[in-house]
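This report refers to the structure that appears directly beneath it.
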Amino acid sequence: MGFLAPGILAGLIAIGLPVYLHLLRQHKTTPRPFSSLMFFERRVQSSIRHRRLKYRVLFALRALFVALLIFAFARPYLPFTSVAAAHGGRVIALLLDDSFSMRQDNRFQRAKQDALSVVNGMRPSDRAQLISFGGPTRLLTNLTADRSTLAAAVNGLEPADGASSYAEVARAIRSLTQSSKTAVEAHLFSDMQKTSAPANFADLKLPDGAQLVVHAVADSAIPNFAVENVIAPRRIFSAKTGTVQATIVSYSDKDATRRVTLLINHHSIETKPVVVPAGGRATVEFTGIDVPYGLNPCEVDIDSADAFPEDDHFYFAVERSDPAPALFLHEQNDNRGFVYFQTALAAVNQPAFSLQNASYAQAASSSLDRYAFVVLSEPAGIPHGLEDALHRYVEHGGSLFVVLGPASTGRVPVADLVVAEGNSSPRDGGFNFVARVDSTHPALRSSTHWDSVRFYRTESVQPGAARVLLSLDDGRPLLLERAIGEGRVIVLASALNNIENDLPVHPVFIPFVQQTTGYLGHTESATGNYVAGAFYDLHPSDTQTDAPVEVTGPHNARLLSLSESTRARTLPLEQEGFYDIRRQNGRHELAAVNPDRRESDFTVLPPQTIQLWRNTGNGNRGVENDSDGGRGGNELWWWVLLAALAVAVAESVLGNRHLDLKEGT
Amino acid sequence: MQQFLDPVVLASISSMDLVARTVVDGFMAGLHRSPQFGFSQEFAEYRAYTPGDDLRHIDWNVFARTERMFLKRFHGDTNSQLLILLDASGSMSFKSGAVSKLDYARFLAASLSYMGSAQRDATGVIVFDDRVRNYIPPSSRQGQLVRVLHAIEAAQPGTTTDFSKPFLHFQQFLHRRGIVAVISDFYDDPDRVIGNIEPLRYHGNDVALFHVVDPVELEPKFTDPVVLEDMETKTTLEVSPEYANNEYRARFQRHIDALRTAAQRSGLDYTMMDTSRPLDQGLREYLTLRQRKM
């Protein structure tokens, strides 16, 4: 048995208190002179003896109570090793590395063979669980003594494209230790990559009594070259304007020349040689590339001249399109807001959107589905038909940007937010300024210096269920977002006409418009590169929807069932390649997934580090300090506290009896 | 004047002569010339001289007229002897307050001797424990009071109490009738105590037993178990508060009752003297006995 807080045991000195009360205070041995003892009899002594005996019981109870209380606070525990010894069999964790690097040569086969050897060596009383950690930790079997189940699970395992993490291994061992209540014998089958070790060694801490057996399938680094990264525009709006920049990394101790090839739609476009320094990086740039309209799967390859060709290519996607149309709706005689908004939108080299303006009356009969987003400038009494069309447009995934003005009273169209009256301006005729910015929102992620913008008139919108992105100094919301169906509505509570505020002439205006329109027009997530193991957001809004999403995986297989396509919130991108995502509103997205390039570094962990890791499970018994709250054994403080309570009750009863005796006499 | 009889006040007076004078004068002043008490110098009778009588008591005027010797006797000096038996055993040194039992007994003995001397009684004292420690034979000669008071003041706690040996010794000296005052804590069997004192009564003496008791002896107050040591035998015993509060008090009270009963049965006067109370009760007892002698 051990103690988690052994320092508290110093409190056992407190037992001296009952010792003092019973022995030093009660048993005064100094005789008191008395004139004569002729009226005292010898039998009196036996009476005192009897009483002393009772007091000794009381003393024992009091001392026991103090001792139990101190023991409880010292947090005693039984080490799992003791529990395991009582149980009889071993608990074995088979931790199999199925990360991307295990694809090299026959590493994974050797790891599986080693795992099968351990399974075959199990005693009948032993129980084991197969866990893979190439990416997220997966429990492939229950804790079982059935060797055939374990062997089948091992044989059925294939290497994945994720990255391994030994911190996850340690966490899995701690979790298994907690659930099995016994010391775990962990067998690790891995290539022991150095890049899989966490930055903080404490994350590798094994629980008390855990025994780590490492079955390394690689003992030294091998030279390797890989395409580490590709920087390419997600969208190209005009011909021969794209530039692709690829980074080639060397994990070799010799300089080497590699031929780098750009492929678009699986066709080789251009090849360039590059000299990669030993242990360094080299960059290759392809300029003036021309891609056809639509989503194009692209790839950068290097010539395969190392022992690990799986990382010699890098996938990415480029979309060629015309700028997406967007609609700016305003009152017939007011287009000041449109001028400022369009200017800000066109302030970049290749604007992603072509902004069209129209009055509410003109837009009443037009179709909205083709617009990436719609802006409502200072809406006041827009036609019901238009509002219904806008509502349908948003519910099916469209985006709406509502800019409120002085005429916007009552409620916000589509967003269904209440606009209060009468307190839209500061009382003293001054101005408000922005006091709180939700910088986690994509529309505000890199826009700063909001505090210098003056808002002379702001409509008071009651947020309701909407998310407040900007707030004024008097607490009123300035920018709100509300998800409706598949779409989203952003409401700005002040106009963009440079009259009610000076936002349009402030530097923050352009990034705000760019990011907000990018967010509303979904240009942020239309195409993108992901690392294997990441999750793709299928339904961004929190509302329940039945709009299906069709996902085709790298091997042209549909990844979601019909029910999953309507209810799944996220999609794990586990395999290398392209994921084709099509939504009901016609939006088409292409996600390129590449393995984590840390897997390309085959440098192995030093043996000393492995030994240190193994020692974390043997030393420092009784003191656990991991972040998961794991403990070195079965804690007993609760039972000790119960015992202390029982002793306290007994002491109270006995003490009351003595008190009664005293009062009676 | 009552305060001068308070034993605590008397304890602050160093001279035993002054103690006795203070007590007796204070006591007598408080009597307001009672017709029943007090020593009187009124003429009582003439008695023919017989050899052995003190020549100082001869009325020489009658001798001159009649040439016969007569003794002139007064009411105040009809008794002739007061013998005080002072117990100086170890148990008498017990005290719970400012005055020990022996101190109290000395005050009482001194006061009695002073009073007796003032009435021209032959006053003597015997200090004893298990044997006779000091003996001043009764006498009414000049300086007797000083000798008696000195013997009383010099009395120190001795060993155990044993009434048999000293009282056997007393009987050899007591030839005249008188008053015998026994001042003791009587820590012995009541029958044995009375059995030893009773023979004094046969000689025509009036015997008064002054039982000196400390308040703690009457009502011990222990809250915790204590170890008590006998001041005479030095033996120790553990005593519980329950026993001291119940059994002991009952036994001690039975002892007092038995002593009083045995004394009354044998014609002895018994007075219990609480050391926390004034001395007047003892003096009043003496005067009552003396009145009875008149």
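To be explicit about the labels: the chains of the structure tokens are called A, B, and onward in the order shown, and within each one the residues are counted from 1, while ligands get numbers from 1 in the order they are shown.
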Using only C-alpha atoms, determine which residues lie at most 6 Å from Gln129 in chain A, disregarding the query and same-chain residues fewer than 2 positions distant; provide the list as a ChimeraX atom specification. /A:93-94,141-143
Taking the DSSP assignment computed from this structure's backbone, write out as a ChimeraX atom specification all residues of range 26-228 of chain A that belong to strand (DSSP E). /A:32-34,76-79,91-96,127-132,138-139,184-190,211-216,225-228
Looking only at helix (DSSP H, G or I) from DSSP on the backbone, list the matching residues of range 132-169 of chain B as number ranges by chain. B: 144-153, 164-169
Near Ser140 in chain B, counting only C-alpha atoms, which residues have an atom at most 10 Å away, once you skip same-chain residues fewer than 5 positions from it, shown as a list in words?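 Using only C-alpha atoms, the neighbours found are Ser80, Gln81, Leu82, Gly116, Ser117, Ala118, Gln119, Arg120, Asp121, Ala122, Thr123, Gly124 and Leu145 of chain B.
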Could you take the residues named above and write them with N, CA and C atoms, as a PDB file, in the first residue's frame?
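Output below, filename out_35.pdb:
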ATOM      1  N   SER B  80     -11.014  22.952  90.221  1.00  0.00           N
ATOM      2  CA  SER B  80      -9.610  23.180  90.454  1.00  0.00           C
ATOM      3  C   SER B  80      -8.716  22.668  89.353  1.00  0.00           C
ATOM      4  N   GLN B  81      -9.251  21.983  88.404  1.00  0.00           N
ATOM      5  CA  GLN B  81      -8.321  21.368  87.446  1.00  0.00           C
ATOM      6  C   GLN B  81      -8.927  21.270  86.041  1.00  0.00           C
ATOM      7  N   LEU B  82      -8.135  21.681  85.058  1.00  0.00           N
ATOM      8  CA  LEU B  82      -8.484  21.487  83.642  1.00  0.00           C
ATOM      9  C   LEU B  82      -7.291  20.836  82.966  1.00  0.00           C
ATOM     10  N   GLY B 116      -9.223  28.834  81.591  1.00  0.00           N
ATOM     11  CA  GLY B 116      -9.092  28.127  82.870  1.00  0.00           C
ATOM     12  C   GLY B 116      -8.167  28.862  83.822  1.00  0.00           C
ATOM     13  N   SER B 117      -7.101  29.390  83.282  1.00  0.00           N
ATOM     14  CA  SER B 117      -6.146  30.095  84.139  1.00  0.00           C
ATOM     15  C   SER B 117      -6.775  31.355  84.706  1.00  0.00           C
ATOM     16  N   ALA B 118      -7.587  32.002  83.844  1.00  0.00           N
ATOM     17  CA  ALA B 118      -8.243  33.226  84.317  1.00  0.00           C
ATOM     18  C   ALA B 118      -9.205  32.923  85.441  1.00  0.00           C
ATOM     19  N   GLN B 119      -9.706  31.720  85.492  1.00  0.00           N
ATOM     20  CA  GLN B 119     -10.624  31.330  86.569  1.00  0.00           C
ATOM     21  C   GLN B 119      -9.893  30.581  87.667  1.00  0.00           C
ATOM     22  N   ARG B 120      -8.571  30.682  87.598  1.00  0.00           N
ATOM     23  CA  ARG B 120      -7.723  30.103  88.645  1.00  0.00           C
ATOM     24  C   ARG B 120      -7.865  28.602  88.732  1.00  0.00           C
ATOM     25  N   ASP B 121      -8.190  27.992  87.661  1.00  0.00           N
ATOM     26  CA  ASP B 121      -8.191  26.536  87.630  1.00  0.00           C
ATOM     27  C   ASP B 121      -6.768  26.054  87.436  1.00  0.00           C
ATOM     28  N   ALA B 122      -6.534  24.909  87.986  1.00  0.00           N
ATOM     29  CA  ALA B 122      -5.241  24.280  87.721  1.00  0.00           C
ATOM     30  C   ALA B 122      -5.289  23.714  86.313  1.00  0.00           C
ATOM     31  N   THR B 123      -4.456  24.257  85.494  1.00  0.00           N
ATOM     32  CA  THR B 123      -4.508  23.909  84.078  1.00  0.00           C
ATOM     33  C   THR B 123      -3.266  23.122  83.683  1.00  0.00           C
ATOM     34  N   GLY B 124      -3.502  22.054  82.955  1.00  0.00           N
ATOM     35  CA  GLY B 124      -2.375  21.260  82.479  1.00  0.00           C
ATOM     36  C   GLY B 124      -2.634  20.776  81.070  1.00  0.00           C
ATOM     37  N   LEU B 145       0.367  29.212  83.196  1.00  0.00           N
ATOM     38  CA  LEU B 145      -0.226  29.469  81.884  1.00  0.00           C
ATOM     39  C   LEU B 145       0.862  29.579  80.813  1.00  0.00           C
TER      40      LEU B 145
END
Skip Trp637 in chain A itself and residues of its chain fewer than 6 positions away, then list as a VMD selection string all residues within 10 Å of it, counting only C-alpha atoms. chain A and resid 3 68 to 77 643
Find the residues in chain B near chain A: any atom within 8 Å counts, using only C-alpha atoms. Write them as a ChimeraX atom specification. /B:90-94,187,217,224-232,236-240,242-243,245,248,251-252
Just want the 9 Å neighbourhood of Val216 in chain B, counted on only C-alpha atoms, with same-chain residues fewer than 4 positions away dropped. Output as a ChimeraX atom specification. /B:95-96,220-221
Can you spit out the residues from that selection as a PDB file, in the first residue's frame, using C-alpha atoms?
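Output file selection-v1.pdb is given in full below:
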ATOM      1  CA  LYS B  95      -5.373  21.150  56.121  1.00  0.00           C
ATOM      2  CA  SER B  96      -7.443  22.164  53.141  1.00  0.00           C
ATOM      3  CA  PRO B 220     -14.114  15.647  49.781  1.00  0.00           C
ATOM      4  CA  LYS B 221     -14.429  17.155  46.305  1.00  0.00           C
TER       5      LYS B 221
END
At what distance in Å, to one decimal, does CA of Ala115 in chain A lie from CA of Thr137 in chain A?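 We find that CA of Thr137 in chain A and CA of Ala115 in chain A lie 16.9 Å from each other.
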Please provide as a PyMOL selection string all residues within 7 Å of range 380-394 of chain A, with the sequence filter that same-chain residues fewer than 5 positions apart are discarded (counting only C-alpha atoms). chain A and resi 360+364+368-369+399-400+407-408+413-414+484-488
Residues of the last selection are to be written out with N, CA and C atoms, as a compact mmCIF listing (two decimals), in the first residue's frame.
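What landed in again-v9.txt:
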# COMPACT_ATOMS: atom_id res chain seq x y z
N TYR A 360 -34.82 46.83 -54.72
CA TYR A 360 -35.69 45.76 -54.21
C TYR A 360 -36.80 45.45 -55.22
N ALA A 364 -37.36 41.61 -57.22
CA ALA A 364 -38.50 40.84 -56.73
C ALA A 364 -38.79 39.63 -57.60
N LEU A 368 -32.49 33.91 -57.31
CA LEU A 368 -31.36 34.23 -56.44
C LEU A 368 -30.34 33.09 -56.36
N ASP A 369 -30.69 31.93 -56.88
CA ASP A 369 -29.87 30.76 -56.63
C ASP A 369 -28.46 30.88 -57.20
N SER A 399 -26.33 32.69 -48.77
CA SER A 399 -25.84 33.56 -47.70
C SER A 399 -26.37 34.96 -47.91
N LEU A 400 -26.66 35.61 -46.79
CA LEU A 400 -27.28 36.93 -46.85
C LEU A 400 -26.54 37.86 -45.90
N ALA A 407 -34.13 53.42 -41.73
CA ALA A 407 -35.48 53.02 -42.12
C ALA A 407 -35.81 51.58 -41.72
N SER A 408 -34.80 50.85 -41.28
CA SER A 408 -35.01 49.43 -40.95
C SER A 408 -35.58 49.33 -39.55
N PRO A 413 -35.32 41.37 -41.96
CA PRO A 413 -35.86 40.38 -42.89
C PRO A 413 -35.05 39.09 -42.86
N VAL A 414 -35.72 37.98 -43.05
CA VAL A 414 -35.14 36.63 -43.13
C VAL A 414 -34.55 36.19 -41.78
N ILE A 484 -29.64 29.74 -40.68
CA ILE A 484 -31.01 29.37 -41.04
C ILE A 484 -30.92 28.29 -42.10
N GLY A 485 -31.41 27.11 -41.78
CA GLY A 485 -31.32 26.01 -42.72
C GLY A 485 -29.86 25.71 -43.03
N GLU A 486 -29.56 25.61 -44.31
CA GLU A 486 -28.18 25.35 -44.72
C GLU A 486 -27.38 26.63 -44.86
N GLY A 487 -28.06 27.74 -44.82
CA GLY A 487 -27.37 29.01 -45.07
C GLY A 487 -27.13 29.81 -43.83
N ARG A 488 -26.65 31.03 -44.06
CA ARG A 488 -26.28 31.88 -42.93
C ARG A 488 -26.63 33.32 -43.26
Which residues, written as a ChimeraX atom specification, have at least one atom at most 8 Å from range 554-557 of chain A, with only C-alpha atoms counted and residues fewer than 3 positions away on the same chain left out? /A:575-579
I need the residue nearest Ala67 in chain A from this list: A:Ile236, A:Ala644, A:Val214, A:Ala226. Use only C-alpha atoms for the distance. A:Ala644
Separating CA of Ala326 in chain A from CA of Thr517 in chain A, to the nearest tenth of an Å, is a gap of 9.2 Å
